[in-house]
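Novice: Pasting a structure below so you can have a look.
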Protein chains: 2
Amino acid sequence: MNGLKEKVLTLDTMNQCVRRVEYAVRGPIMLRALELEQELRQGVKKPFTEVIRANIGDAQAMGQKPITFMRQVLALCVDPELLSSSHFPEDAKRRAERILQACGGHSLGAYSVSSGIQLIREDVARYIERRDGGIPSNPNNIFLSTGASDAIVTVLKLLVAGEGRARTGVLIPIPQYPLYSATLAELNAVQVNYYLDEEHAWALDVGELRRALHQARDRCRPRALCVINPGNPTGQVQTRECIEAVIRLAFEERLFLLADEVYQDNVYAEGSQFHSFKKVLTEMGPPYAAQQELASFHSASKGYMGECGFRGGYVEVVNMDAAVQQQMLKLMSVRLCPPVPGQALLHAVVSPPGPSDPSFAQFQAEKQAVLAELAAKAKLTEQIFSKTPGIRCNPVQGAMYSFPRMHLPPRAVQRAQELGLAPDMFFCMRLLEETGICVVPGSGFGQREGTYHFRMTILPPMEKLRPLLEKLSQFHAKFTLEYS
Amino acid sequence: MNGLKEKVLTLDTMNQCVRRVEYAVRGPIMLRALELEQELRQGVKKPFTEVIRANIGDAQAMGQKPITFMRQVLALCVDPELLSSSHFPEDAKRRAERILQACGGHSLGAYSVSSGIQLIREDVARYIERRDGGIPSNPNNIFLSTGASDAIVTVLKLLVAGEGRARTGVLIPIPQYPLYSATLAELNAVQVNYYLDEEHAWALDVGELRRALHQARDRCRPRALCVINPGNPTGQVQTRECIEAVIRLAFEERLFLLADEVYQDNVYAEGSQFHSFKKVLTEMGPPYAAQQELASFHSASKGYMGECGFRGGYVEVVNMDAAVQQQMLKLMSVRLCPPVPGQALLHAVVSPPGPSDPSFAQFQAEKQAVLAELAAKAKLTEQIFSKTPGIRCNPVQGAMYSFPRMHLPPRAVQRAQELGLAPDMFFCMRLLEETGICVVPGSGFGQREGTYHFRMTILPPMEKLRPLLEKLSQFHAKFTLEYS
Ligand SMILES: Cc1ncc(COP(=O)(O)O)c(C=O)c1O
Ligand SMILES: Cc1ncc(COP(=O)(O)O)c(C=O)c1O
């Protein structure tokens, strides 16, 4: 009875859906990068002096400074004794008081209602109305969340049903942000890939969507369509025509739309503009405006604030069945509520200081500086990669990433296969070991068979980005030579 | 093609596991309480002037003040410009600097590694070692989380497998904290009830556990056992003998143990003491110490700090299979990381100021004041209910709740049935409408067939708690009379 027993929970007995989940952004490359940093700290000699993490869309980790106004509001909410300090501008104080008034016990330390603090949902609704040129938004359709991630998982969870060929299929772009593939694996739903068109700056082609959809009908019941715009990892910004076409298709084919719009403030390219699915859908009029089901996600993690650590996000649902919406609220209730500091931060995001507020000038200056630098870095990335033989890169129209395609010599591909690695993983691992540059292989996001990419953020500070891009280009040349 | 279509996502087409989830703590009573508050604000006449929310374990919502030191540390982390302000004590500043050093970009605004900031996991490990009299704790076995809720769901998720009679069964206490039943429903696992012994102050009886287990083997594969100690909703503190017996049974019957120990600082009754499962298991020696699998959960939401809104929590896993532990990390990576302000707050919880620190005296005074008041309120609750005819209440040894049993006259039960309500829901709803007192019916937590309870927190401020208890007792008498 008391001898050595096998564990109860092993790889074989555990949840096999979880086991099948893949997640590259924080996978082997990231783990190795952490080890390398440790080794550098311990004085181990390397061909580089620091690891540069261009693998994750985390602006502040790369040195971007928080927006002063937002942090002031938050500090006042955290420690209301500061409300009597002269250190803080009046508008930040008024804002903090307003938020605290809306909190249980006037404290960030109380749980909020599960859909998030009413006041903040109202302010999110007003933000959406301003963004969409006055199209109404109802606070009851807004659910705050623990980052956009949480809201995305919740909506996908609602959609999953059926067995065998009746299982829910969800269309996702390839390349995609791997939260989608991971969540679908975990929920045992069917991932249906549609390919973005690399030859046309990663445009979303409705013909390709239709192909994917019709082929998928043999093996599942496609019920939802995810669009990431601006795109991660691809950095494209979809045109209004494209969005209209997608909405028409979704309506005809009876697909619930998930619009991942967390990069809505990150549009850099001339001629590119962000169009929200909600706005386009509403302006298309009947039957779309009143019928097409949509969930649109946003986050405090991106944009110009980059407050990833606070995990503030929201989803707005449009035309969702009222009873389902209640089920969604119930589901969120089980985990009580999103973090209240994240909710408070989101408040500052959706209600920035106005022109007559004392914090306005500084806020605007900080915001514009961040956005201008991001735009310059997007441009620089494109410029350097476009001069690099063996690498091709679409313009970075928006978001925070480039997703260049690279040529890998057949012998490198063969060597990778011998090592049991995806060829681009092999490249990225070697890049990391030899240069300290940390990027994510394209295989982690999905790519057309036989093509190889990597995702690199545009977030390193300007003075590091140029040498980094050059070093990367040189390494690619060297690697190509080595395996030719 | 463009006529009025049925929604894609309806009650019938949605995830039926989600549809089956029940969650009473934030159910109809809570929603009605919110409405009543709204009506009061609008000037509608009611037989009461305020709604008293004794339905949820949310100390700060009921007026408890945050611990000054914790909020100071947090404010400094949020707005590091304050590090030069004389408003803050030196130890709070040093602490904030230490936390910021460990954050990406020295900012709360960066994502952390998915298991939580290394420094904070190390400090959690040291806290556990102090708590458990020096038994070692490895930071690699600690995963920070978005409240304990998140960690509990994650561990349950790992455990769920199988189909039909091979489906994972999870033993949970009845009455239980409904996160458990809700999560098992969502994951389509089998809930296996074992009843706590109301006649013996809600003790956990191993004979009853064995009964539940053996009966369950006909319909599922029981693989995990949850214990909530101190108990929610039942307020009991299990003895060391009981915990030993549970561990022996878990080992013999090959059950993964989940110990929900979020109320570890909330023990009031003389003679009661908190024993962590980790400590008991380790002190039991072989074979338990080196083999019994355990996950122990803790949170910043309860204790003396009551920082629910920050959603800081952790799980320590013991004897978990290394490969499964990696899978757990992968799963957590998909959602990036727990909120960083909550992690920072947890840091202050596990590393309070020491005797030589400037904040020590105030910290101790605040902590002791909260705990003494909670103890007094636990006592008062027991005293008043024990004098009330038709209500029986076990001593509130710990946690934040009483779970009194009440007699309901047969005609009240019948009336409830006519209305399609659980009898205790009927009682609680009437109580709310007539007195403004908001408590949760026992049926939301589970109870033996034919018995009726409600859960009431001990959190209202002392000056409100006594009249509340008396009003409740009087209402019960009136209600009983009405239906006799
Ligand atoms: C496309 C996309 N969606 C959602 C998220 C989730 O962000 P968060 O959960 O921090 O709001 C990210 C994060 O990188 C993202 O790139
Ligand atoms: C027994 C028990 N476990 C877990 C939790 C979850 O707490 P949190 O997610 O806020 O840490 C609660 C909250 O009330 C609880 O009572």
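By order of appearance in the structure tokens: chains A, B, ..., then residues from 1 within every chain, and ligands from 1 in the order shown.
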Which residues, written as an MDAnalysis selection string, have at least one atom at most 12 Å from region 391-393 of chain A, with only C-alpha atoms counted and residues fewer than 2 positions away on the same chain left out?

Specialist: chainID A and resid 198:202 234:236 378:389 395:397 401:408 451:456 469 472:477 480

Novice: Give me, as a ChimeraX atom specification, the set of residues whose atoms come within 8 Å of any atom of ligand 2, counting only C-alpha atoms and all ligand atoms.

Specialist: /A:111,335-336 /B:56-58,146-150,152,176-177,179,228-233,260-263,297-302,308-309,311-313

Novice: Could you write those residues out with C-alpha atoms, as a PDB file, in the first residue's frame?

Specialist:
ATOM      1  CA  TYR A 111     -14.434  43.328  -5.937  1.00  0.00           C
ATOM      2  CA  ARG A 335     -14.243  34.334 -11.376  1.00  0.00           C
ATOM      3  CA  LEU A 336     -15.650  37.348  -9.548  1.00  0.00           C
TER       4      LEU A 336
ATOM      5  CA  ILE B  56     -20.034  38.341  -0.343  1.00  0.00           C
ATOM      6  CA  GLY B  57     -16.662  38.027   1.359  1.00  0.00           C
ATOM      7  CA  ASP B  58     -15.499  41.474   0.369  1.00  0.00           C
ATOM      8  CA  THR B 146      -5.307  36.337 -10.978  1.00  0.00           C
ATOM      9  CA  GLY B 147      -6.770  35.744  -7.540  1.00  0.00           C
ATOM     10  CA  ALA B 148      -6.863  32.254  -6.127  1.00  0.00           C
ATOM     11  CA  SER B 149      -9.840  31.664  -8.442  1.00  0.00           C
ATOM     12  CA  ASP B 150      -7.637  31.590 -11.503  1.00  0.00           C
ATOM     13  CA  ILE B 152      -8.004  26.825  -8.809  1.00  0.00           C
ATOM     14  CA  GLN B 176     -18.972  24.380  -0.895  1.00  0.00           C
ATOM     15  CA  TYR B 177     -17.721  27.606  -2.365  1.00  0.00           C
ATOM     16  CA  LEU B 179     -16.470  28.297  -7.804  1.00  0.00           C
ATOM     17  CA  ILE B 228     -11.621  24.305   1.913  1.00  0.00           C
ATOM     18  CA  ASN B 229      -9.973  25.106   5.215  1.00  0.00           C
ATOM     19  CA  PRO B 230     -10.926  27.365   6.966  1.00  0.00           C
ATOM     20  CA  GLY B 231     -14.273  26.732   5.380  1.00  0.00           C
ATOM     21  CA  ASN B 232     -16.437  28.811   3.112  1.00  0.00           C
ATOM     22  CA  PRO B 233     -19.427  28.989   3.643  1.00  0.00           C
ATOM     23  CA  ASP B 260      -8.103  25.938  -0.623  1.00  0.00           C
ATOM     24  CA  GLU B 261      -6.394  27.794   2.179  1.00  0.00           C
ATOM     25  CA  VAL B 262      -7.302  31.373   1.299  1.00  0.00           C
ATOM     26  CA  TYR B 263      -8.593  31.955   4.842  1.00  0.00           C
ATOM     27  CA  PHE B 297      -4.096  28.063  -2.832  1.00  0.00           C
ATOM     28  CA  HIS B 298      -3.778  31.419  -1.171  1.00  0.00           C
ATOM     29  CA  SER B 299      -4.989  34.930  -1.939  1.00  0.00           C
ATOM     30  CA  ALA B 300      -4.570  38.603  -1.101  1.00  0.00           C
ATOM     31  CA  SER B 301      -8.368  38.905  -1.049  1.00  0.00           C
ATOM     32  CA  LYS B 302      -8.982  37.621   2.457  1.00  0.00           C
ATOM     33  CA  CYS B 308     -10.093  41.590  -3.304  1.00  0.00           C
ATOM     34  CA  GLY B 309      -9.932  44.097  -6.143  1.00  0.00           C
ATOM     35  CA  ARG B 311      -6.772  39.851  -7.709  1.00  0.00           C
ATOM     36  CA  GLY B 312      -3.462  38.656  -6.296  1.00  0.00           C
ATOM     37  CA  GLY B 313      -3.203  34.953  -5.554  1.00  0.00           C
TER      38      GLY B 313
END

Novice: So how far away is CA of Ser115 (chain B) from CA of Cys17 (chain B), in Å?

Specialist: 28.2 Å

Novice: Using only C-alpha atoms and all ligand atoms for the distances, tell me which of B:Ala289, B:Val334, B:Val350, B:Met425 is nearest to ligand 1.

Specialist: B:Val334

Novice: When distances are computed from only C-alpha atoms and all ligand atoms, which of B:Leu249, B:Ser112, B:Tyr194, B:Gln417 shows the smallest separation from ligand 1?

Specialist: B:Ser112

Novice: Could you check which of A:Leu257, A:Ile172, A:Ala33, A:Leu82 is closest to ligand 1, using only C-alpha atoms and all ligand atoms?

Specialist: A:Ile172

Novice: Could you write out, as number ranges by chain, all the residues of region 423-483 of chain A that DSSP marks as strand (DSSP E or B)?

Specialist: A: 437-438, 440-441, 452-457

Novice: If you keep C-alpha atoms, can you produce a file of those selected residues as a compact mmCIF listing (two decimals), in the first residue's frame?

Specialist:
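Output (part.txt):
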# COMPACT_ATOMS: atom_id res chain seq x y z
CA ILE A 437 18.47 38.87 -30.50
CA CYS A 438 15.23 37.24 -29.48
CA VAL A 440 9.77 34.33 -32.63
CA PRO A 441 9.76 31.84 -35.50
CA TYR A 452 9.72 30.79 -43.37
CA HIS A 453 9.23 33.92 -41.33
CA PHE A 454 10.01 35.44 -38.01
CA ARG A 455 8.14 37.99 -35.95
CA MET A 456 10.07 40.90 -34.59
CA THR A 457 8.58 43.76 -32.61

Novice: Pick out the closest residue to chain B from this set: A:Met429, A:Leu374, A:Ala161, A:Ala344. Count only C-alpha atoms.

Specialist: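 Ranking A:Met429, A:Leu374, A:Ala161, A:Ala344 by distance to chain B, first place goes to A:Ala161.
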
Novice: If we count only C-alpha atoms, what is near Ile99 (chain A) at a cut-off of 9 Å, once residues fewer than 2 positions away on the same chain are taken out, given as JSON, numbers by chain?

Specialist: {"A": [77, 94, 95, 96, 97, 101, 102, 103, 106, 107, 108, 117, 119, 120, 344, 347]}

Novice: Can you list every residue in region 21-183 of chain B that DSSP puts in helix (DSSP H, G or I), as a PyMOL selection string?

Specialist: chain B and resi 28-41+60-62+68-78+80-84+90-101+104-106+118-131+139-141+147-159+164-166+179-183

Novice: What would the file look like if the residues just selected were written as a compact mmCIF listing (two decimals), in the first residue's frame with C-alpha atoms?

Specialist:
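Generated output (part.txt):
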# COMPACT_ATOMS: atom_id res chain seq x y z
CA PRO B 28 -30.70 36.67 -8.50
CA ILE B 29 -30.32 37.93 -4.91
CA MET B 30 -27.33 40.07 -5.82
CA LEU B 31 -29.02 41.38 -8.95
CA ARG B 32 -32.14 42.30 -6.98
CA ALA B 33 -29.98 43.99 -4.34
CA LEU B 34 -28.42 46.16 -7.04
CA GLU B 35 -31.88 47.10 -8.31
CA LEU B 36 -33.05 47.97 -4.81
CA GLU B 37 -30.05 50.22 -4.30
CA GLN B 38 -30.90 51.95 -7.55
CA GLU B 39 -34.51 52.41 -6.45
CA LEU B 40 -33.44 53.82 -3.08
CA ARG B 41 -31.22 56.32 -4.84
CA GLN B 60 -13.34 46.62 1.92
CA ALA B 61 -16.74 46.86 0.26
CA MET B 62 -18.10 46.72 3.83
CA THR B 68 -1.54 51.56 5.01
CA PHE B 69 1.85 49.96 4.33
CA MET B 70 0.50 47.87 1.46
CA ARG B 71 -1.09 50.82 -0.28
CA GLN B 72 2.00 52.94 0.18
CA VAL B 73 4.18 50.31 -1.46
CA LEU B 74 1.70 50.03 -4.31
CA ALA B 75 1.38 53.76 -4.86
CA LEU B 76 5.17 54.04 -5.04
CA CYS B 77 5.30 51.24 -7.58
CA VAL B 78 2.56 52.85 -9.67
CA PRO B 80 7.85 56.04 -8.96
CA GLU B 81 8.16 59.83 -8.94
CA LEU B 82 6.76 59.51 -5.42
CA LEU B 83 9.97 57.80 -4.33
CA SER B 84 11.35 61.28 -3.71
CA GLU B 90 11.72 54.49 4.05
CA ASP B 91 10.79 50.81 4.25
CA ALA B 92 7.87 51.29 1.87
CA LYS B 93 10.24 53.03 -0.53
CA ARG B 94 12.87 50.31 -0.32
CA ARG B 95 10.21 47.73 -0.86
CA ALA B 96 8.82 49.48 -3.93
CA GLU B 97 12.30 49.86 -5.38
CA ARG B 98 12.91 46.17 -4.88
CA ILE B 99 9.68 45.26 -6.66
CA LEU B 100 10.32 47.66 -9.53
CA GLN B 101 13.84 46.27 -9.96
CA GLY B 104 10.35 44.28 -16.87
CA GLY B 105 11.46 47.83 -17.73
CA HIS B 106 11.27 48.52 -13.97
CA GLN B 118 10.66 35.60 -9.79
CA LEU B 119 11.44 37.82 -6.79
CA ILE B 120 7.87 37.63 -5.58
CA ARG B 121 7.73 33.87 -5.99
CA GLU B 122 10.87 33.67 -3.90
CA ASP B 123 9.31 35.80 -1.20
CA VAL B 124 6.16 33.69 -1.28
CA ALA B 125 8.35 30.62 -0.76
CA ARG B 126 9.99 32.22 2.26
CA TYR B 127 6.57 33.14 3.64
CA ILE B 128 5.46 29.53 3.32
CA GLU B 129 8.64 28.35 5.03
CA ARG B 130 8.03 30.66 7.97
CA ARG B 131 4.40 29.64 8.16
CA PRO B 139 9.85 29.13 -5.79
CA ASN B 140 9.68 27.02 -8.94
CA ASN B 141 6.64 25.31 -7.46
CA GLY B 147 -6.77 35.74 -7.54
CA ALA B 148 -6.86 32.25 -6.13
CA SER B 149 -9.84 31.66 -8.44
CA ASP B 150 -7.64 31.59 -11.50
CA ALA B 151 -5.20 29.11 -9.98
CA ILE B 152 -8.00 26.83 -8.81
CA VAL B 153 -9.54 26.77 -12.28
CA THR B 154 -6.14 26.07 -13.83
CA VAL B 155 -5.41 23.08 -11.62
CA LEU B 156 -8.89 21.66 -12.10
CA LYS B 157 -8.49 22.10 -15.84
CA LEU B 158 -5.33 20.01 -15.84
CA LEU B 159 -7.16 17.21 -14.04
CA GLY B 164 -18.41 8.44 -19.88
CA ARG B 165 -17.61 6.41 -16.78
CA ALA B 166 -13.94 7.29 -17.13
CA LEU B 179 -16.47 28.30 -7.80
CA TYR B 180 -15.90 24.55 -7.55
CA SER B 181 -19.28 23.33 -8.79
CA ALA B 182 -19.32 26.01 -11.47
CA THR B 183 -15.88 25.14 -12.77

Novice: For chain B, which of A:Asp357, A:Glu316, A:Glu434, A:Glu22 is the closest residue, counting only C-alpha atoms?

Specialist: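 For chain B, the nearest of the candidates is A:Glu22.
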
Novice: Of the residues A:Gly169, A:Gly306, A:Gly446, A:Pro66, which is the one nearest to ligand 1, using only C-alpha atoms and all ligand atoms?

Specialist: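 Among the listed residues, A:Gly306 lies closest to ligand 1.
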
Novice: Can you pull out every residue within 9 Å of Glu244 (chain A), counting only C-alpha atoms, but drop anything in the same chain fewer than 2 positions away, and send it as a ChimeraX atom specification?

Specialist: /A:239-242,246-249,277,280-281,284

Novice: May I ask for the distance between CA of Leu329 (chain B) and CA of Val21 (chain B), given in Å to one decimal place?

Specialist: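 So the answer is 26.4 Å.
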
Novice: Between CA of Gln362 (chain B) and CA of Ile67 (chain B), measure the distance and give it in Å to one decimal.

Specialist: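 About the pair CA of Gln362 (chain B) and CA of Ile67 (chain B): they are 9.0 Å apart.
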
Novice: Can you tell me which residues surround Glu293 (chain B) at a distance of at most 10 Å, considering only C-alpha atoms, apart from same-chain residues fewer than 3 positions away, and format the answer as number ranges by chain?

Specialist: A: 7-9; B: 224, 247, 250-251, 254-258, 278, 281, 288-290, 317-321
